[in-house]
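Asker: The file below is start_12.csv, CSV, C-alpha atoms and all ligand atoms:
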```csv
chain,number,residue,atom,x,y,z
A,251,MET,CA,101.1,-2.8,62.3
A,252,ASN,CA,99.5,-1.0,59.2
A,253,VAL,CA,99.5,2.8,59.0
A,254,ILE,CA,98.0,5.1,56.4
A,255,GLY,CA,99.7,8.5,56.1
A,256,ILE,CA,98.3,11.6,54.4
A,257,GLU,CA,100.3,14.6,53.4
A,258,SER,CA,98.8,17.9,52.1
A,259,SER,CA,100.9,20.7,53.6
A,260,CYS,CA,101.9,22.4,50.3
A,261,ASP,CA,101.7,21.5,46.6
A,262,GLU,CA,101.9,17.7,46.8
A,263,THR,CA,99.0,15.5,47.7
A,264,SER,CA,100.4,12.2,49.0
A,265,VAL,CA,99.0,9.1,50.5
A,266,ALA,CA,101.1,6.1,51.8
A,267,VAL,CA,100.5,2.8,53.5
A,268,ILE,CA,103.3,1.3,55.6
A,269,SER,CA,103.4,-2.0,57.3
A,270,ASN,CA,105.8,-2.5,60.3
A,271,GLY,CA,107.8,0.4,58.9
A,272,LYS,CA,108.0,-1.0,55.4
A,273,VAL,CA,106.5,1.1,52.6
A,274,LEU,CA,103.7,-0.8,50.8
A,275,SER,CA,102.6,2.2,48.7
A,276,ASN,CA,103.5,5.9,48.5
A,277,LEU,CA,101.7,7.9,45.9
A,278,VAL,CA,102.5,11.6,45.2
A,279,ALA,CA,100.4,13.8,43.0
A,280,SER,CA,102.3,17.1,42.3
A,281,GLN,CA,100.3,20.1,41.4
A,282,ASP,CA,101.6,21.4,38.1
A,283,ILE,CA,99.1,24.3,38.1
A,284,HIS,CA,101.6,26.5,40.1
A,285,LYS,CA,104.3,26.4,37.5
A,286,ILE,CA,102.8,29.2,35.4
A,287,TYR,CA,102.7,31.5,38.5
A,288,GLY,CA,106.3,30.7,39.5
A,289,GLY,CA,105.3,29.7,43.0
A,290,VAL,CA,102.6,28.0,45.0
A,291,VAL,CA,99.2,29.7,45.0
A,292,PRO,CA,97.5,28.7,48.3
A,293,GLU,CA,93.8,28.7,47.1
A,294,LEU,CA,94.6,26.6,44.0
A,295,SER,CA,96.6,24.2,46.2
A,296,SER,CA,93.6,23.6,48.5
A,297,ARG,CA,91.3,22.9,45.5
A,298,ALA,CA,93.8,20.5,43.9
A,299,HIS,CA,94.1,18.6,47.2
A,300,LEU,CA,90.4,18.3,47.4
A,301,GLN,CA,90.2,16.8,44.0
A,302,MET,CA,93.1,14.3,44.6
A,303,ILE,CA,92.6,13.1,48.1
A,304,LEU,CA,89.9,10.5,47.7
A,305,PRO,CA,91.2,8.8,44.5
A,306,LEU,CA,94.7,8.7,46.1
A,307,VAL,CA,93.5,7.1,49.3
A,308,LYS,CA,91.7,4.4,47.3
A,309,LYS,CA,94.6,3.8,45.1
A,310,ALA,CA,97.2,3.7,47.9
A,311,ILE,CA,95.2,1.1,49.8
A,312,GLN,CA,94.6,-0.9,46.7
A,313,GLU,CA,98.4,-0.9,45.8
A,314,SER,CA,99.3,-1.9,49.3
A,315,ASN,CA,97.3,-5.1,49.0
A,316,ILE,CA,95.8,-4.7,52.5
A,317,GLN,CA,92.1,-4.3,53.2
A,318,LYS,CA,90.7,-1.0,54.6
A,319,ASP,CA,89.8,-2.6,57.9
A,320,GLU,CA,93.3,-3.9,58.4
A,321,ILE,CA,94.5,-0.3,58.8
A,322,ASP,CA,95.5,0.2,62.5
A,323,ILE,CA,96.3,3.9,62.6
A,324,VAL,CA,95.4,7.0,60.5
A,325,SER,CA,98.0,9.7,60.5
A,326,ALA,CA,98.1,13.0,58.6
A,327,THR,CA,100.2,16.2,58.5
A,328,ALA,CA,98.8,18.9,60.9
A,329,GLY,CA,101.4,21.6,60.2
A,330,PRO,CA,103.4,23.6,59.4
A,331,GLY,CA,102.1,24.5,56.0
A,332,LEU,CA,99.4,26.3,54.1
A,333,ILE,CA,96.3,26.3,56.3
A,334,GLY,CA,93.7,25.5,53.6
A,335,ALA,CA,95.9,22.7,52.2
A,336,LEU,CA,96.5,21.2,55.6
A,337,LEU,CA,92.8,21.3,56.4
A,338,VAL,CA,92.0,19.1,53.4
A,339,GLY,CA,94.3,16.2,54.5
A,340,LEU,CA,93.8,16.5,58.3
A,341,THR,CA,90.0,16.7,58.1
A,342,PHE,CA,89.9,13.7,55.7
A,343,ALA,CA,92.1,11.8,58.1
A,344,LYS,CA,89.9,12.5,61.1
A,345,GLY,CA,86.8,11.4,59.2
A,346,PHE,CA,88.5,8.3,58.0
A,347,ALA,CA,89.9,7.4,61.4
A,348,TYR,CA,86.4,7.9,62.9
A,349,SER,CA,84.7,5.7,60.3
A,350,LEU,CA,87.3,2.9,60.8
A,351,ASN,CA,87.2,3.4,64.6
A,352,ARG,CA,91.0,3.6,64.7
A,353,PRO,CA,93.4,6.1,66.4
A,354,PHE,CA,94.0,9.4,64.6
A,355,ILE,CA,97.6,10.7,64.8
A,356,PRO,CA,98.5,14.2,63.7
A,357,VAL,CA,102.1,14.6,62.6
A,358,ASN,CA,104.4,17.6,62.4
A,359,HIS,CA,105.6,17.9,58.8
A,360,ILE,CA,109.2,18.7,59.8
A,361,GLU,CA,109.3,15.8,62.2
A,362,GLY,CA,108.2,13.7,59.2
A,363,HIS,CA,111.2,14.8,57.3
A,364,ILE,CA,113.6,14.4,60.3
A,365,PHE,CA,112.8,10.7,60.7
A,366,SER,CA,112.5,10.0,56.9
A,367,GLY,CA,115.9,8.4,57.0
A,368,PHE,CA,114.3,5.5,58.9
A,369,LEU,CA,112.5,4.5,55.7
A,370,MET,CA,115.8,3.4,54.3
A,371,GLU,CA,117.3,-0.1,54.7
A,372,GLU,CA,120.3,1.4,56.7
A,373,LYS,CA,118.7,3.3,59.6
A,374,PRO,CA,120.2,6.3,61.4
A,375,GLN,CA,121.6,5.6,64.9
A,376,PHE,CA,120.8,7.8,67.9
A,377,PRO,CA,122.1,10.3,68.6
A,378,PHE,CA,122.3,11.8,65.1
A,379,LEU,CA,122.9,15.1,63.5
A,380,CYS,CA,120.1,16.1,61.0
A,381,LEU,CA,120.2,18.8,58.4
A,382,VAL,CA,116.6,19.6,57.2
A,383,VAL,CA,116.7,21.5,53.9
A,384,SER,CA,113.4,22.1,52.2
A,385,GLY,CA,111.5,24.9,50.4
A,386,GLY,CA,110.2,26.2,53.7
A,387,HIS,CA,112.8,25.3,56.3
A,388,THR,CA,116.5,25.0,57.0
A,389,LEU,CA,117.3,23.5,60.3
A,390,LEU,CA,120.3,21.8,62.0
A,391,LEU,CA,119.2,19.4,64.7
A,392,TYR,CA,120.7,17.2,67.3
A,393,VAL,CA,118.3,14.2,67.6
A,394,GLU,CA,118.8,12.1,70.8
A,395,SER,CA,115.7,9.9,70.5
A,396,ASP,CA,112.3,9.7,68.9
A,397,LEU,CA,110.9,12.4,71.2
A,398,LYS,CA,114.1,14.4,72.0
A,399,ILE,CA,115.1,16.8,69.3
A,400,LYS,CA,117.4,19.8,70.0
A,401,LYS,CA,117.5,22.7,67.5
A,402,LEU,CA,121.0,23.9,67.0
A,403,GLY,CA,120.3,26.5,64.3
A,404,SER,CA,118.0,27.6,61.5
A,405,THR,CA,117.8,30.1,58.7
A,406,ILE,CA,117.3,33.7,59.7
A,407,ASP,CA,115.7,34.6,56.4
A,408,ASP,CA,115.2,32.4,53.3
A,409,ALA,CA,115.2,28.6,53.4
A,410,ALA,CA,117.8,26.9,51.2
A,411,GLY,CA,115.2,25.5,48.8
A,412,GLU,CA,113.5,29.0,48.7
A,413,ALA,CA,116.9,30.4,47.6
A,414,PHE,CA,117.2,27.8,44.8
A,415,ASP,CA,113.6,28.7,43.7
A,416,LYS,CA,114.1,32.5,43.8
A,417,VAL,CA,117.5,32.4,42.0
A,418,SER,CA,116.1,30.1,39.4
A,419,LYS,CA,113.3,32.5,38.8
A,420,LEU,CA,115.5,35.5,38.6
A,421,ILE,CA,117.9,33.9,36.0
A,422,GLY,CA,114.8,32.7,34.0
A,423,LEU,CA,115.0,29.0,34.6
A,424,GLY,CA,111.6,28.5,36.2
A,425,TYR,CA,110.0,26.5,39.1
A,426,PRO,CA,110.8,24.5,41.1
A,427,GLY,CA,114.3,25.9,41.0
A,428,GLY,CA,116.4,23.2,42.8
A,429,PRO,CA,116.4,20.5,40.1
A,430,LEU,CA,116.8,23.1,37.3
A,431,ILE,CA,119.7,24.9,39.0
A,432,GLN,CA,121.3,21.5,39.6
A,433,LYS,CA,120.9,20.5,35.9
A,434,TYR,CA,122.5,23.7,34.7
A,435,ALA,CA,125.2,23.6,37.3
A,436,GLU,CA,126.3,20.2,36.0
A,437,LYS,CA,127.1,21.9,32.7
A,438,GLY,CA,128.9,24.8,34.4
A,439,TYR,CA,132.6,25.4,35.4
A,440,GLU,CA,134.6,27.1,38.0
A,441,THR,CA,135.0,30.7,36.8
A,442,GLU,CA,135.7,34.1,38.3
A,443,ILE,CA,132.0,34.2,39.2
A,444,LYS,CA,131.7,33.8,43.0
A,445,PHE,CA,128.8,34.5,45.3
A,446,PRO,CA,129.4,35.1,49.0
A,447,ILE,CA,128.5,32.9,52.0
A,448,ALA,CA,126.9,34.8,54.8
A,449,ARG,CA,129.0,35.0,58.0
A,450,LEU,CA,126.7,35.1,61.0
A,451,LYS,CA,127.5,35.7,64.7
A,452,SER,CA,125.2,32.8,65.8
A,453,LYS,CA,127.1,29.6,65.4
A,454,TYR,CA,124.7,27.3,63.7
A,455,ASP,CA,122.3,29.7,61.9
A,456,PHE,CA,122.1,30.2,58.2
A,457,SER,CA,121.2,33.1,55.9
A,458,PHE,CA,120.5,32.8,52.2
A,459,SER,CA,119.0,36.1,51.2
A,460,GLY,CA,122.4,37.7,50.7
A,461,VAL,CA,123.5,35.2,48.1
A,462,LYS,CA,120.2,35.7,46.3
A,463,THR,CA,120.7,39.5,46.2
A,464,SER,CA,124.3,39.1,45.0
A,465,VAL,CA,123.1,36.9,42.1
A,466,LEU,CA,120.5,39.6,41.3
A,467,ARG,CA,123.1,42.4,41.3
A,468,PHE,CA,125.5,40.4,39.2
A,469,VAL,CA,122.8,39.6,36.6
A,470,GLN,CA,121.6,43.2,36.5
A,471,LYS,CA,125.1,44.5,36.1
A,472,GLU,CA,126.3,42.0,33.5
A,473,TYR,CA,123.2,41.5,31.3
A,474,GLY,CA,120.7,44.3,32.1
A,475,ASP,CA,117.5,43.4,30.2
A,476,THR,CA,119.2,41.1,27.7
A,477,LYS,CA,119.0,37.4,27.8
A,478,ILE,CA,121.7,35.5,29.7
A,479,PRO,CA,123.7,33.2,27.3
A,480,GLU,CA,123.3,29.5,28.1
A,481,ASN,CA,127.0,29.0,29.0
A,482,ASP,CA,126.8,31.9,31.5
A,483,LEU,CA,123.6,30.5,33.0
A,484,ALA,CA,125.4,27.2,33.6
A,485,ASN,CA,128.4,29.0,35.3
A,486,ILE,CA,126.1,31.2,37.4
A,487,ALA,CA,124.1,28.1,38.5
A,488,TYR,CA,127.4,26.3,39.3
A,489,ALA,CA,128.7,29.2,41.4
A,490,PHE,CA,125.4,29.7,43.3
A,491,GLN,CA,125.0,25.9,44.0
A,492,ASN,CA,128.6,25.8,45.3
A,493,SER,CA,127.9,28.8,47.6
A,494,VAL,CA,124.7,27.3,49.1
A,495,VAL,CA,126.3,23.8,49.5
A,496,ASP,CA,129.4,25.2,51.1
A,497,ALA,CA,127.3,27.3,53.6
A,498,LEU,CA,125.4,24.2,54.6
A,499,SER,CA,128.4,21.9,54.9
A,500,GLU,CA,130.4,24.4,56.9
A,501,LYS,CA,127.8,24.5,59.7
A,502,VAL,CA,127.4,20.7,59.6
A,503,GLU,CA,131.1,20.3,60.1
A,504,LEU,CA,131.1,22.8,62.9
A,505,ALA,CA,128.4,20.8,64.7
A,506,LEU,CA,130.2,17.5,64.0
A,507,ASN,CA,133.2,19.0,65.8
A,508,ASN,CA,131.1,19.9,68.9
A,509,TYR,CA,128.6,17.0,69.1
A,510,SER,CA,129.4,13.4,69.3
A,511,VAL,CA,126.9,11.6,67.0
A,512,LYS,CA,126.7,8.2,65.4
A,513,SER,CA,125.0,9.3,62.2
A,514,LEU,CA,124.5,12.3,60.0
A,515,THR,CA,121.2,12.6,58.1
A,516,LEU,CA,120.2,14.9,55.2
A,517,VAL,CA,116.5,15.3,54.6
A,518,GLY,CA,113.9,17.5,52.9
A,519,GLY,CA,113.5,18.5,49.2
A,520,VAL,CA,117.0,19.9,48.8
A,521,ALA,CA,118.4,16.6,50.1
A,522,ALA,CA,117.9,15.5,46.5
A,523,ASN,CA,120.8,17.8,45.5
A,524,LYS,CA,123.7,15.6,44.3
A,525,LEU,CA,126.5,18.0,45.3
A,526,LEU,CA,125.1,18.4,48.8
A,527,ARG,CA,124.7,14.6,49.2
A,528,GLU,CA,128.3,14.1,48.1
A,529,LYS,CA,129.7,16.8,50.4
A,530,LEU,CA,127.9,15.5,53.5
A,531,TYR,CA,128.9,11.9,52.6
A,532,GLN,CA,132.5,13.0,52.5
A,533,LEU,CA,132.1,14.7,55.9
A,534,SER,CA,130.5,11.6,57.4
A,535,ASN,CA,133.6,9.6,56.2
A,536,LYS,CA,135.9,12.1,57.8
A,537,TYR,CA,134.1,11.8,61.1
A,538,LYS,CA,133.7,8.0,60.8
A,539,ILE,CA,129.9,8.0,61.2
A,540,SER,CA,127.2,6.7,59.0
A,541,PHE,CA,125.5,9.0,56.4
A,542,ILE,CA,121.8,8.5,55.6
A,543,ALA,CA,119.9,10.5,53.0
A,544,PRO,CA,116.6,9.1,51.9
A,545,ALA,CA,116.0,7.9,48.4
A,546,ILE,CA,114.8,10.8,46.2
A,547,GLU,CA,111.1,9.8,46.5
A,548,TYR,CA,111.4,10.3,50.3
A,549,CYS,CA,113.3,13.6,50.1
A,550,GLY,CA,110.5,15.8,48.8
A,551,ASP,CA,107.1,15.9,50.5
A,552,ASN,CA,105.7,12.4,50.8
A,553,ALA,CA,103.2,10.5,53.0
A,554,ALA,CA,105.4,7.6,53.8
A,555,MET,CA,107.4,9.7,56.3
A,556,ILE,CA,104.1,11.0,57.8
A,557,ALA,CA,102.9,7.4,58.3
A,558,TYR,CA,106.3,6.4,59.8
A,559,ARG,CA,106.2,9.3,62.3
A,560,GLY,CA,102.6,8.6,63.1
A,561,GLN,CA,103.5,5.1,64.1
A,562,LYS,CA,106.3,6.2,66.3
A,563,LEU,CA,104.1,8.7,68.1
A,564,TYR,CA,101.4,6.0,68.6
A,565,GLU,CA,104.0,3.6,70.0
A,566,ALA,CA,105.2,6.3,72.4
A,567,GLY,CA,101.7,6.3,73.8
A,568,LEU,CA,100.6,9.6,72.6
A,569,LYS,CA,96.9,10.1,72.1
A,570,PHE,CA,95.0,12.7,70.2
A,571,ASP,CA,91.3,13.5,69.9
A,572,LEU,CA,89.3,14.6,66.8
A,573,ASN,CA,89.3,18.2,68.0
A,574,TYR,CA,93.0,18.5,67.2
A,575,ASN,CA,93.5,21.2,64.6
A,576,VAL,CA,95.9,22.3,61.9
A,577,TYR,CA,98.7,24.8,62.6
A,578,PRO,CA,100.3,26.9,59.9
A,579,SER,CA,103.6,27.8,61.6
A,580,LEU,CA,106.5,25.8,62.9
A,581,ASN,CA,106.3,26.4,66.7
A,582,LYS,CA,103.7,24.1,68.1
B,1,LIG,O1,110.5,19.2,51.2
B,1,LIG,P1,110.0,19.9,49.9
B,1,LIG,O2,109.4,18.9,48.9
B,1,LIG,O3,108.8,20.8,50.3
B,1,LIG,C1,108.8,21.6,51.4
B,1,LIG,O4,108.4,21.1,52.5
B,1,LIG,O5,109.3,22.8,51.2
B,1,LIG,O6,111.1,20.8,49.3
B,1,LIG,C2,110.9,21.5,48.1
B,1,LIG,C3,112.2,22.2,47.8
B,1,LIG,C4,112.0,23.2,46.6
B,1,LIG,O7,112.5,24.5,47.1
B,1,LIG,C5,112.9,22.6,45.5
B,1,LIG,O8,113.5,23.6,44.7
B,1,LIG,C6,114.0,22.0,46.3
B,1,LIG,O9,113.3,21.4,47.4
B,1,LIG,N1,114.7,20.9,45.6
B,1,LIG,C7,116.1,21.0,45.3
B,1,LIG,C8,116.4,19.8,44.5
B,1,LIG,N2,115.2,19.2,44.3
B,1,LIG,C9,114.2,19.8,45.0
B,1,LIG,N3,117.0,21.9,45.6
B,1,LIG,C10,118.3,21.7,45.2
B,1,LIG,N4,118.6,20.6,44.4
B,1,LIG,C11,117.7,19.7,44.0
B,1,LIG,N5,118.1,18.7,43.2
B,2,ZN,ZN,108.6,19.3,53.2
```
Let me see the file written as structure tokens.
Answerer:
Amino acid sequence: MNVIGIESSCDETSVAVISNGKVLSNLVASQDIHKIYGGVVPELSSRAHLQMILPLVKKAIQESNIQKDEIDIVSATAGPGLIGALLVGLTFAKGFAYSLNRPFIPVNHIEGHIFSGFLMEEKPQFPFLCLVVSGGHTLLLYVESDLKIKKLGSTIDDAAGEAFDKVSKLIGLGYPGGPLIQKYAEKGYETEIKFPIARLKSKYDFSFSGVKTSVLRFVQKEYGDTKIPENDLANIAYAFQNSVVDALSEKVELALNNYSVKSLTLVGGVAANKLLREKLYQLSNKYKISFIAPAIEYCGDNAAMIAYRGQKLYEAGLKFDLNYNVYPSLNK
């Protein structure tokens, strides 16, 4: 079975072709235009998707070495995300499915991430515990089957990736923050600089706005309007990254104590973080379960995960008509 997937929920236009679950092509065009604004500008994002979608679809099909009429399913992200951005990919997919006379399958972006571990050689085993950490979401889930997902907890304020991006901006490193903070943290050391982990009443929820504020206070107190020295930047990045990673691993361990699972998966853009991968890998060893984190190209937004999820929904017998619309928020 050949599936084409289209992803356009935020600032990456991506098109992929998978065949029987194997990725034949997965092209991602990142929109650099947002860098100068320090965050994604929705209107600019929609325009960039419009420019990229057709050339990417053509190239992804060409690279996959299958013919257009060999495509069995057309799937695309329907939400959550930026409404204008989503509309570009979803509308294109509907038209393409119609012209090929093939089923159109809308996919939830977060579900795309949740099952992205299945793109790897070693697959997660049900039931598994899944930590979704991206720029827009932080979720801890108990996944029983393809269609049975139980939410254990989520962030009550900022998402983990959002915290990386905001802290990076406020210490002057730039956007996107995750990779930059990680790079600086690698040069940093354990010092007396510590940022607190939020303690919440609800067992599996997260909060990252406090740690961001405490970095802000520290930087204002220590440096005022002066430039932060490089060494200090590295130590701040080190302390901040430790704090976020500890907060995430602590809740994962709590869930592992209370839920019997066969695998632990780490997905979403922040899953690219080396320290987080290492910490969760150690936890999986402690609990004698398998650990699956996608390869870096499947951590961030990509269409291969959308195509894979589209195929699963189709195999589960779900049918959608061309009136299906985009939805900007998570609850749908
Ligand atoms: O999943 P994703 O590509 O987009 C959303 O759906 O949000 O995630 C992007 C997020 C950004 O916040 C980025 O800073 C973060 O993932 N990120 C990282 C790393 N690489 C990307 N965060 C921490 N460490 C990294 N190495
Ligand atoms: Zn994402």
Asker: Step by step, measure atom-to-atom distances between ligand ZN 2 (chain B) and each residue using only C-alpha atoms and all ligand atoms, keep those at most 6 Å, then write them as a VMD selection string.
Answerer: chain A and resid 384 518 550 to 551
Asker: List as CSV every residue of chain A that is in contact with ligand LIG 1 (chain B), defined as an atom at most 6 Å from one of its atoms (using all atoms listed in the file), together with the nearest atom pair and the distance in Å rounded to one decimal, sorted by chain and then rising number.
Answerer:
```
residue,atom,partner,partner_atom,distance
A:Ser384,CA,B:LIG1,O6,3.9
A:Gly385,CA,B:LIG1,O5,3.1
A:Gly386,CA,B:LIG1,O5,4.3
A:Gly411,CA,B:LIG1,O7,3.3
A:Glu412,CA,B:LIG1,O7,4.9
A:Phe414,CA,B:LIG1,O8,5.6
A:Asp415,CA,B:LIG1,O8,5.2
A:Pro426,CA,B:LIG1,O8,4.6
A:Gly427,CA,B:LIG1,O8,4.4
A:Gly428,CA,B:LIG1,N3,3.1
A:Pro429,CA,B:LIG1,N5,4.0
A:Gln432,CA,B:LIG1,N5,5.6
A:Gly518,CA,B:LIG1,O1,4.2
A:Gly519,CA,B:LIG1,O6,3.3
A:Val520,CA,B:LIG1,N3,3.8
A:Ala522,CA,B:LIG1,N5,4.6
A:Asn523,CA,B:LIG1,N5,3.7
A:Gly550,CA,B:LIG1,O2,3.3
A:Asp551,CA,B:LIG1,O2,4.1
```
Asker: Please determine, counting all atoms listed in the file, which residue among A:Ile355, A:Glu262, A:Thr341, A:Ile311 has the shortest atom-to-atom distance to Glu565 of chain A.
Answerer: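 When distances to Glu565 of chain A are compared using all atoms listed in the file, the smallest one comes from A:Ile355.
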Asker: From the set A:Ser452, A:Leu390, A:Ser499, A:Val253, which residue has the shortest atom-to-atom contact distance to Ser314 of chain A, counting only C-alpha atoms?
Answerer: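 Smallest distance to Ser314 of chain A is found for A:Val253.
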Asker: Measuring between only C-alpha atoms, which one of A:Asn270, A:Leu430, A:Leu568, A:Pro377 shows the shortest distance to Lys398 of chain A?
Answerer: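 Smallest distance to Lys398 of chain A is found for A:Pro377.
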Asker: Neighbours of Gly331 of chain A within 8 Å (only C-alpha atoms; same-chain residues fewer than 6 positions away dropped), as a JSON list (two decimals) with C-alpha atoms, keeping the file's coordinate frame?
Answerer:
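And here's around.json as it stands now:
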```json
[["chain", "number", "residue", "atom", "x", "y", "z"],
["A", 259, "SER", "CA", 100.90, 20.70, 53.60],
["A", 260, "CYS", "CA", 101.90, 22.40, 50.30],
["A", 359, "HIS", "CA", 105.60, 17.90, 58.80],
["A", 577, "TYR", "CA", 98.70, 24.80, 62.60],
["A", 578, "PRO", "CA", 100.30, 26.90, 59.90],
["A", 579, "SER", "CA", 103.60, 27.80, 61.60]]
```
Asker: A:Leu391, A:Val357, A:Tyr425, A:Val469: which is nearest Phe445 of chain A, counting all atoms listed in the file?
Answerer: A:Val469
Asker: Separation of atom CA of Tyr548 of chain A and atom CA of Ser366 of chain A, in Å?
Answerer: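 A separation of 6.7 Å between them.
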Asker: Using only C-alpha atoms, list the residues that have an atom at most 12 Å from (96.9, 14.1, 50.2), coordinates as in the file, as an MDAnalysis selection string.
Answerer: chainID A and resid 254:266 276:281 295:310 325:328 335:343 551:554 556
Asker: To one decimal in Å, tell me the separation between atom CA of Lys562 of chain A and atom CA of Pro374 of chain A.
Answerer: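 Straight-line distance from atom CA of Lys562 of chain A to atom CA of Pro374 of chain A works out to 14.7 Å.
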Asker: Using only C-alpha atoms, pick whichever of A:Val495, A:Val267, A:Cys549, A:Ala410 has the shortest atom-to-atom distance to Leu525 of chain A.
Answerer: A:Val495
Asker: Which residue gives the smallest distance to Lys453 of chain A among A:Asn358, A:Thr515, A:Glu500, A:Val324, with all atoms listed in the file counted?
Answerer: A:Glu500
